[in-house]
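Note: the block below is structure.txt and it holds compact mmCIF, C-alpha atoms.
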# COMPACT_ATOMS: atom_id res chain seq x y z
CA MET F 1 0.00 0.00 0.00
CA GLY F 2 1.31 3.46 -0.87
CA LEU F 3 1.24 6.67 1.08
CA PHE F 4 -2.21 7.57 -0.17
CA ARG F 5 -5.18 5.41 0.80
CA SER F 6 -7.39 4.06 -1.94
CA GLY F 7 -11.15 4.32 -1.67
CA ASP F 8 -13.65 6.97 -2.47
CA VAL F 9 -13.69 10.16 -0.43
CA VAL F 10 -17.35 10.85 0.32
CA GLY F 11 -17.08 14.19 2.12
CA ILE F 12 -15.21 16.52 4.42
CA ALA F 13 -15.84 17.24 8.10
CA ASP F 14 -16.96 20.80 8.75
CA ASP F 15 -14.20 21.24 11.34
CA ALA F 16 -11.51 20.21 8.82
CA LEU F 17 -12.83 22.67 6.22
CA THR F 18 -13.08 25.45 8.82
CA PHE F 19 -9.48 24.81 9.88
CA ALA F 20 -8.26 24.98 6.25
CA LEU F 21 -10.14 28.23 5.59
CA GLU F 22 -8.72 29.82 8.73
CA ALA F 23 -5.18 28.58 8.00
CA SER F 24 -5.42 29.98 4.47
CA ARG F 25 -6.63 33.32 5.82
CA GLU F 26 -3.77 33.41 8.37
CA THR F 27 -1.15 32.57 5.71
CA HIS F 28 -2.40 35.20 3.22
CA PRO F 29 -0.87 36.73 1.11
CA ASP F 30 1.24 33.57 0.87
CA GLU F 31 -0.15 30.24 -0.26
CA TYR F 32 -1.15 27.66 2.32
CA MET F 33 -0.60 23.94 1.75
CA GLY F 34 -1.39 20.76 3.65
CA LEU F 35 -2.34 17.13 3.23
CA LEU F 36 -5.78 15.67 3.86
CA ARG F 37 -6.33 12.74 6.19
CA GLY F 38 -9.43 10.57 5.99
CA GLU F 39 -11.17 8.01 8.17
CA PRO F 40 -14.00 5.59 7.39
CA ALA F 41 -17.25 7.55 7.12
CA GLU F 42 -19.23 4.93 9.02
CA GLU F 43 -17.13 5.71 12.14
CA PHE F 44 -18.99 9.05 12.22
CA GLY F 45 -22.45 7.61 11.79
CA LEU F 46 -22.61 8.39 8.08
CA ASP F 47 -24.44 5.90 5.89
CA HIS F 48 -21.64 5.81 3.32
CA GLU F 49 -18.90 3.44 2.40
CA GLY F 50 -15.74 5.42 1.86
CA LEU F 51 -13.65 8.01 3.61
CA LEU F 52 -14.45 11.28 5.29
CA VAL F 53 -11.75 13.97 5.32
CA THR F 54 -11.26 14.61 9.02
CA ASP F 55 -7.90 16.37 9.31
CA VAL F 56 -5.58 18.76 7.54
CA LEU F 57 -1.95 17.85 8.15
CA ILE F 58 0.52 20.70 8.33
CA ILE F 59 3.89 19.51 7.07
CA PRO F 60 6.95 20.98 8.84
CA GLY F 61 9.28 22.88 6.56
CA THR F 62 6.61 23.79 3.99
CA GLU F 63 7.80 26.85 2.10
CA SER F 64 5.32 29.32 0.66
CA ASN F 65 5.12 32.64 -1.11
CA PRO F 66 2.30 34.52 -2.90
CA ILE F 67 2.40 32.22 -5.94
CA SER F 68 3.39 28.78 -4.66
CA ALA F 69 3.81 26.46 -1.71
CA THR F 70 6.20 23.53 -1.56
CA VAL F 71 6.03 20.64 0.88
CA LYS F 72 9.28 19.00 1.91
CA THR F 73 8.49 15.41 0.97
CA SER F 74 11.02 14.11 3.49
CA MET F 75 8.83 15.57 6.24
CA VAL F 76 5.60 13.89 5.12
CA PRO F 77 4.58 11.26 7.69
CA ASN F 78 4.35 7.68 6.53
CA ASP F 79 0.61 7.78 7.04
CA PHE F 80 -1.74 5.49 5.16
CA SER F 81 -4.75 7.63 5.96
CA SER F 82 -3.72 10.46 3.59
CA VAL F 83 -6.34 11.01 0.89
CA GLY F 84 -5.16 14.11 -0.97
CA SER F 85 -4.00 17.69 -0.66
CA ILE F 86 -5.25 21.19 0.03
CA HIS F 87 -3.76 24.54 -0.83
CA SER F 88 -4.82 28.15 -1.21
CA HIS F 89 -4.77 30.55 -4.10
CA PRO F 90 -4.29 34.04 -2.62
CA ASN F 91 -5.43 35.53 -5.96
CA GLY F 92 -8.87 33.92 -5.49
CA VAL F 93 -8.75 31.84 -8.70
CA LEU F 94 -10.30 28.43 -8.05
CA GLU F 95 -8.83 26.70 -11.09
CA PRO F 96 -5.76 24.45 -10.86
CA SER F 97 -2.53 25.61 -12.44
CA GLN F 98 -0.27 23.29 -14.43
CA ALA F 99 1.95 23.04 -11.34
CA ASP F 100 -1.11 22.05 -9.28
CA LEU F 101 -2.08 19.35 -11.78
CA ALA F 102 1.42 17.90 -11.59
CA THR F 103 0.91 17.27 -7.85
CA PHE F 104 -2.58 15.76 -8.18
CA SER F 105 -1.46 12.30 -9.34
CA LYS F 106 -1.67 10.89 -5.81
CA GLY F 107 -4.69 11.00 -3.58
CA GLN F 108 -8.40 10.95 -4.27
CA VAL F 109 -9.30 14.60 -3.73
CA HIS F 110 -7.51 17.92 -3.94
CA ILE F 111 -8.95 21.14 -2.59
CA ILE F 112 -8.16 24.69 -3.67
CA VAL F 113 -9.21 27.46 -1.29
CA GLY F 114 -9.39 30.99 -2.71
CA HIS F 115 -9.23 34.47 -1.26
CA PRO F 116 -11.24 35.80 0.65
CA TYR F 117 -11.48 32.30 2.20
CA GLY F 118 -15.21 32.30 2.92
CA ARG F 119 -17.43 29.22 3.23
CA ASP F 120 -18.01 29.14 -0.54
CA ASP F 121 -14.47 30.02 -1.62
CA TRP F 122 -13.19 26.49 -2.30
CA VAL F 123 -13.48 23.67 -4.80
CA ALA F 124 -12.75 19.96 -4.68
CA LEU F 125 -10.95 18.39 -7.63
CA ASP F 126 -10.10 14.88 -8.75
CA ARG F 127 -6.67 13.66 -9.91
CA GLU F 128 -7.21 15.14 -13.38
CA GLY F 129 -8.15 18.55 -11.97
CA LYS F 130 -11.87 18.22 -12.73
CA ARG F 131 -14.31 19.58 -10.19
CA ARG F 132 -16.08 17.01 -8.09
CA GLY F 133 -18.65 17.12 -5.36
CA LEU F 134 -17.47 16.99 -1.76
CA PRO F 135 -20.28 17.39 0.76
CA VAL F 136 -19.52 19.00 4.12
CA TYR F 137 -20.64 17.00 7.15
CA ASP F 138 -21.11 18.37 10.64
CA VAL F 139 -19.75 15.42 12.61
CA GLU F 140 -18.20 15.10 16.05
CA LEU F 141 -14.42 14.74 15.74
CA ASP F 142 -12.06 13.76 18.53
CA ASP F 143 -10.69 16.75 20.40
CA PRO F 144 -6.91 16.79 19.86
CA GLU F 145 -6.52 18.56 23.22
CA GLU F 146 -7.80 15.42 24.95
CA PHE F 147 -4.77 13.48 23.72
CA PHE F 148 -2.56 15.64 25.96
CA ASP F 149 -4.94 15.59 28.93
CA PHE F 150 -2.73 13.70 31.38
CA THR F 151 -0.43 14.45 34.30
CA GLN F 152 2.90 13.12 35.53
CA ALA F 153 0.94 11.10 38.12
CA ASP F 154 -0.99 9.46 35.26
CA ILE F 155 2.29 8.55 33.56
CA ASP F 156 3.76 7.18 36.81
CA ALA F 157 0.63 5.08 37.40
CA GLU F 158 0.80 3.71 33.84
CA LEU F 159 4.45 2.77 34.37
CA GLY F 160 3.71 1.18 37.75
CA LEU F 161 5.74 3.75 39.67
CA ASP F 162 4.54 4.87 43.07
CA GLY F 163 5.96 8.38 42.76
CA ASP F 164 8.72 7.86 45.35
CA GLU F 165 11.25 6.65 42.79
CA PRO F 166 13.62 9.14 41.12
Target format structure tokens, applied to this file:
Amino acid sequence: MGLFRSGDVVGIADDALTFALEASRETHPDEYMGLLRGEPAEEFGLDHEGLLVTDVLIIPGTESNPISATVKTSMVPNDFSSVGSIHSHPNGVLEPSQADLATFSKGQVHIIVGHPYGRDDWVALDREGKRRGLPVYDVELDDPEEFFDFTQADIDAELGLDGDEP
């Protein structure tokens, strides 16, 4: 299996789209770029077989300017849940460039977000750069803050330490 997961992408979580719009707005006037991560749609109570885009991965070392963004491929995690890419066009044009098309060969869906980064300022594209539908679903996603909700006492208990050891 390659880096990108096969299977149809059936939609995007509202929280993931909101994050991408805000990140694009914050990065303006430079381009924003990230990878899309998907999980099985049925895990979110959707009556669909396929994947729901749930996360936008920010790749360390991504370089951007007003006309391009480049991901350092050596920094991309070896993650089989990647389903495509997302990037912004600060000029507001929602059509893929030739450079964009060259990066669309992997993944099921590619999203372009355009200035002014409102709820309707984005398109989903397939590998050939043709527009495709991508419904937005308001689903409950895990709170990433909860992952870090533990104390040193919790760690000691997990390791079987009583707290008196150095």
| atom CA of Ala41 of chain F to atom CA of Ser82 of chain F, straight-line distance in Å |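 Atom-to-atom, atom CA of Ser82 of chain F and atom CA of Ala41 of chain F are spaced 14.3 Å apart.
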| field | Shortest interatomic distance to Thr54 of chain F - which of F:Glu39, F:Glu31, F:Asp121, F:Glu95, counting all atoms listed in the file | value |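 Closest residue, counting all atoms listed in the file: F:Glu39.
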| task | Could you give me, as a list in words, the residues within 10 Å of Phe19 of chain F, counting all atoms listed in the file and dropping anything in the same chain fewer than 6 positions from it? | result |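 Using all atoms listed in the file, the neighbours found are Arg25, Asp55 and Val56 of chain F.
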| task | Identify, on the basis of only C-alpha atoms, every residue whose closest approach to segment 104-113 of chain F does not exceed 10 Å; exclude the query and any residue fewer than 5 positions from it along the same chain; express the result as a ChimeraX atom specification. | result | /F:2-11,17,20-21,24-25,31-36,51,53,82-90,92-96,99,118-134
Can I get the selection written as a PDB file, keeping the file's coordinate frame, with C-alpha atoms?
ATOM      1  CA  GLY F   2       1.310   3.460  -0.870  1.00  0.00           C
ATOM      2  CA  LEU F   3       1.240   6.670   1.080  1.00  0.00           C
ATOM      3  CA  PHE F   4      -2.210   7.570  -0.170  1.00  0.00           C
ATOM      4  CA  ARG F   5      -5.180   5.410   0.800  1.00  0.00           C
ATOM      5  CA  SER F   6      -7.390   4.060  -1.940  1.00  0.00           C
ATOM      6  CA  GLY F   7     -11.150   4.320  -1.670  1.00  0.00           C
ATOM      7  CA  ASP F   8     -13.650   6.970  -2.470  1.00  0.00           C
ATOM      8  CA  VAL F   9     -13.690  10.160  -0.430  1.00  0.00           C
ATOM      9  CA  VAL F  10     -17.350  10.850   0.320  1.00  0.00           C
ATOM     10  CA  GLY F  11     -17.080  14.190   2.120  1.00  0.00           C
ATOM     11  CA  LEU F  17     -12.830  22.670   6.220  1.00  0.00           C
ATOM     12  CA  ALA F  20      -8.260  24.980   6.250  1.00  0.00           C
ATOM     13  CA  LEU F  21     -10.140  28.230   5.590  1.00  0.00           C
ATOM     14  CA  SER F  24      -5.420  29.980   4.470  1.00  0.00           C
ATOM     15  CA  ARG F  25      -6.630  33.320   5.820  1.00  0.00           C
ATOM     16  CA  GLU F  31      -0.150  30.240  -0.260  1.00  0.00           C
ATOM     17  CA  TYR F  32      -1.150  27.660   2.320  1.00  0.00           C
ATOM     18  CA  MET F  33      -0.600  23.940   1.750  1.00  0.00           C
ATOM     19  CA  GLY F  34      -1.390  20.760   3.650  1.00  0.00           C
ATOM     20  CA  LEU F  35      -2.340  17.130   3.230  1.00  0.00           C
ATOM     21  CA  LEU F  36      -5.780  15.670   3.860  1.00  0.00           C
ATOM     22  CA  LEU F  51     -13.650   8.010   3.610  1.00  0.00           C
ATOM     23  CA  VAL F  53     -11.750  13.970   5.320  1.00  0.00           C
ATOM     24  CA  SER F  82      -3.720  10.460   3.590  1.00  0.00           C
ATOM     25  CA  VAL F  83      -6.340  11.010   0.890  1.00  0.00           C
ATOM     26  CA  GLY F  84      -5.160  14.110  -0.970  1.00  0.00           C
ATOM     27  CA  SER F  85      -4.000  17.690  -0.660  1.00  0.00           C
ATOM     28  CA  ILE F  86      -5.250  21.190   0.030  1.00  0.00           C
ATOM     29  CA  HIS F  87      -3.760  24.540  -0.830  1.00  0.00           C
ATOM     30  CA  SER F  88      -4.820  28.150  -1.210  1.00  0.00           C
ATOM     31  CA  HIS F  89      -4.770  30.550  -4.100  1.00  0.00           C
ATOM     32  CA  PRO F  90      -4.290  34.040  -2.620  1.00  0.00           C
ATOM     33  CA  GLY F  92      -8.870  33.920  -5.490  1.00  0.00           C
ATOM     34  CA  VAL F  93      -8.750  31.840  -8.700  1.00  0.00           C
ATOM     35  CA  LEU F  94     -10.300  28.430  -8.050  1.00  0.00           C
ATOM     36  CA  GLU F  95      -8.830  26.700 -11.090  1.00  0.00           C
ATOM     37  CA  PRO F  96      -5.760  24.450 -10.860  1.00  0.00           C
ATOM     38  CA  ALA F  99       1.950  23.040 -11.340  1.00  0.00           C
ATOM     39  CA  GLY F 118     -15.210  32.300   2.920  1.00  0.00           C
ATOM     40  CA  ARG F 119     -17.430  29.220   3.230  1.00  0.00           C
ATOM     41  CA  ASP F 120     -18.010  29.140  -0.540  1.00  0.00           C
ATOM     42  CA  ASP F 121     -14.470  30.020  -1.620  1.00  0.00           C
ATOM     43  CA  TRP F 122     -13.190  26.490  -2.300  1.00  0.00           C
ATOM     44  CA  VAL F 123     -13.480  23.670  -4.800  1.00  0.00           C
ATOM     45  CA  ALA F 124     -12.750  19.960  -4.680  1.00  0.00           C
ATOM     46  CA  LEU F 125     -10.950  18.390  -7.630  1.00  0.00           C
ATOM     47  CA  ASP F 126     -10.100  14.880  -8.750  1.00  0.00           C
ATOM     48  CA  ARG F 127      -6.670  13.660  -9.910  1.00  0.00           C
ATOM     49  CA  GLU F 128      -7.210  15.140 -13.380  1.00  0.00           C
ATOM     50  CA  GLY F 129      -8.150  18.550 -11.970  1.00  0.00           C
ATOM     51  CA  LYS F 130     -11.870  18.220 -12.730  1.00  0.00           C
ATOM     52  CA  ARG F 131     -14.310  19.580 -10.190  1.00  0.00           C
ATOM     53  CA  ARG F 132     -16.080  17.010  -8.090  1.00  0.00           C
ATOM     54  CA  GLY F 133     -18.650  17.120  -5.360  1.00  0.00           C
ATOM     55  CA  LEU F 134     -17.470  16.990  -1.760  1.00  0.00           C
TER      56      LEU F 134
END
| said: Rounded to one decimal, what separation in Å do you get between atom CA of Arg37 of chain F and atom CA of Tyr117 of chain F? | reply: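 Atom CA of Arg37 of chain F sits 20.6 Å away from atom CA of Tyr117 of chain F.
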| request: Can you work out the spacing between atom CA of Val139 of chain F and atom CA of Asp15 of chain F in Å, to one decimal? | output: 8.1 Å
| task | Pick out the closest residue to Pro29 of chain F from this set: F:Ala102, F:Ser68, F:Gln152, F:Leu161. Count all atoms listed in the file. | result |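 The closest residue to Pro29 of chain F is F:Ser68.
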Could I see segment 25-56 of chain F restored to N, CA and C atoms, set down as an mmCIF file, in the coordinates of the input?
data_model
loop_
_atom_site.group_PDB
_atom_site.id
_atom_site.type_symbol
_atom_site.label_atom_id
_atom_site.label_comp_id
_atom_site.auth_asym_id
_atom_site.auth_seq_id
_atom_site.Cartn_x
_atom_site.Cartn_y
_atom_site.Cartn_z
ATOM 1 N N ARG F 25 -6.469 31.902 5.489
ATOM 2 C CA ARG F 25 -6.630 33.320 5.820
ATOM 3 C C ARG F 25 -5.411 33.830 6.595
ATOM 4 N N GLU F 26 -4.925 33.009 7.547
ATOM 5 C CA GLU F 26 -3.770 33.410 8.370
ATOM 6 C C GLU F 26 -2.483 33.469 7.540
ATOM 7 N N THR F 27 -2.366 32.641 6.530
ATOM 8 C CA THR F 27 -1.150 32.570 5.710
ATOM 9 C C THR F 27 -1.123 33.657 4.637
ATOM 10 N N HIS F 28 -2.282 34.183 4.268
ATOM 11 C CA HIS F 28 -2.400 35.200 3.220
ATOM 12 C C HIS F 28 -1.460 36.369 3.508
ATOM 13 N N PRO F 29 -0.718 36.901 2.557
ATOM 14 C CA PRO F 29 -0.870 36.730 1.110
ATOM 15 C C PRO F 29 -0.078 35.557 0.526
ATOM 16 N N ASP F 30 0.543 34.743 1.374
ATOM 17 C CA ASP F 30 1.240 33.570 0.870
ATOM 18 C C ASP F 30 0.268 32.410 0.722
ATOM 19 N N GLU F 31 0.658 31.447 -0.101
ATOM 20 C CA GLU F 31 -0.150 30.240 -0.260
ATOM 21 C C GLU F 31 -0.054 29.390 0.999
ATOM 22 N N TYR F 32 -1.097 28.636 1.241
ATOM 23 C CA TYR F 32 -1.150 27.660 2.320
ATOM 24 C C TYR F 32 -1.183 26.280 1.665
ATOM 25 N N MET F 33 -0.556 25.290 2.296
ATOM 26 C CA MET F 33 -0.600 23.940 1.750
ATOM 27 C C MET F 33 -0.595 22.922 2.875
ATOM 28 N N GLY F 34 -1.355 21.852 2.692
ATOM 29 C CA GLY F 34 -1.390 20.760 3.650
ATOM 30 C C GLY F 34 -1.851 19.484 2.970
ATOM 31 N N LEU F 35 -1.833 18.414 3.712
ATOM 32 C CA LEU F 35 -2.340 17.130 3.230
ATOM 33 C C LEU F 35 -3.637 16.820 3.957
ATOM 34 N N LEU F 36 -4.491 16.047 3.298
ATOM 35 C CA LEU F 36 -5.780 15.670 3.860
ATOM 36 C C LEU F 36 -5.713 14.256 4.405
ATOM 37 N N ARG F 37 -6.269 14.066 5.576
ATOM 38 C CA ARG F 37 -6.330 12.740 6.190
ATOM 39 C C ARG F 37 -7.801 12.330 6.257
ATOM 40 N N GLY F 38 -8.060 11.063 5.955
ATOM 41 C CA GLY F 38 -9.430 10.570 5.990
ATOM 42 C C GLY F 38 -9.589 9.355 6.875
ATOM 43 N N GLU F 39 -10.810 9.169 7.351
ATOM 44 C CA GLU F 39 -11.170 8.010 8.170
ATOM 45 C C GLU F 39 -12.477 7.453 7.628
ATOM 46 N N PRO F 40 -12.751 6.184 7.897
ATOM 47 C CA PRO F 40 -14.000 5.590 7.390
ATOM 48 C C PRO F 40 -15.229 6.392 7.826
ATOM 49 N N ALA F 41 -16.075 6.720 6.861
ATOM 50 C CA ALA F 41 -17.250 7.550 7.120
ATOM 51 C C ALA F 41 -18.198 6.909 8.115
ATOM 52 N N GLU F 42 -18.287 5.582 8.108
ATOM 53 C CA GLU F 42 -19.230 4.930 9.020
ATOM 54 C C GLU F 42 -18.836 5.123 10.484
ATOM 55 N N GLU F 43 -17.558 5.441 10.760
ATOM 56 C CA GLU F 43 -17.130 5.710 12.140
ATOM 57 C C GLU F 43 -17.784 6.981 12.698
ATOM 58 N N PHE F 44 -18.362 7.793 11.813
ATOM 59 C CA PHE F 44 -18.990 9.050 12.220
ATOM 60 C C PHE F 44 -20.501 9.001 12.044
ATOM 61 N N GLY F 45 -21.006 7.786 11.907
ATOM 62 C CA GLY F 45 -22.450 7.610 11.790
ATOM 63 C C GLY F 45 -23.013 7.948 10.423
ATOM 64 N N LEU F 46 -22.139 8.094 9.422
ATOM 65 C CA LEU F 46 -22.610 8.390 8.080
ATOM 66 C C LEU F 46 -22.939 7.083 7.357
ATOM 67 N N ASP F 47 -24.003 7.092 6.618
ATOM 68 C CA ASP F 47 -24.440 5.900 5.890
ATOM 69 C C ASP F 47 -23.764 5.870 4.523
ATOM 70 N N HIS F 48 -22.436 5.827 4.548
ATOM 71 C CA HIS F 48 -21.640 5.810 3.320
ATOM 72 C C HIS F 48 -20.470 4.860 3.491
ATOM 73 N N GLU F 49 -20.159 4.166 2.421
ATOM 74 C CA GLU F 49 -18.900 3.440 2.400
ATOM 75 C C GLU F 49 -17.889 4.392 1.781
ATOM 76 N N GLY F 50 -16.752 4.508 2.360
ATOM 77 C CA GLY F 50 -15.740 5.420 1.860
ATOM 78 C C GLY F 50 -15.136 6.204 3.001
ATOM 79 N N LEU F 51 -14.422 7.243 2.634
ATOM 80 C CA LEU F 51 -13.650 8.010 3.610
ATOM 81 C C LEU F 51 -14.176 9.424 3.757
ATOM 82 N N LEU F 52 -14.101 9.904 4.977
ATOM 83 C CA LEU F 52 -14.450 11.280 5.290
ATOM 84 C C LEU F 52 -13.161 12.010 5.621
ATOM 85 N N VAL F 53 -12.915 13.149 4.985
ATOM 86 C CA VAL F 53 -11.750 13.970 5.320
ATOM 87 C C VAL F 53 -11.991 14.529 6.714
ATOM 88 N N THR F 54 -11.086 14.198 7.627
ATOM 89 C CA THR F 54 -11.260 14.610 9.020
ATOM 90 C C THR F 54 -10.169 15.554 9.514
ATOM 91 N N ASP F 55 -9.023 15.569 8.837
ATOM 92 C CA ASP F 55 -7.900 16.370 9.310
ATOM 93 C C ASP F 55 -7.143 16.990 8.157
ATOM 94 N N VAL F 56 -6.528 18.125 8.454
ATOM 95 C CA VAL F 56 -5.580 18.760 7.540
ATOM 96 C C VAL F 56 -4.223 18.698 8.212
#
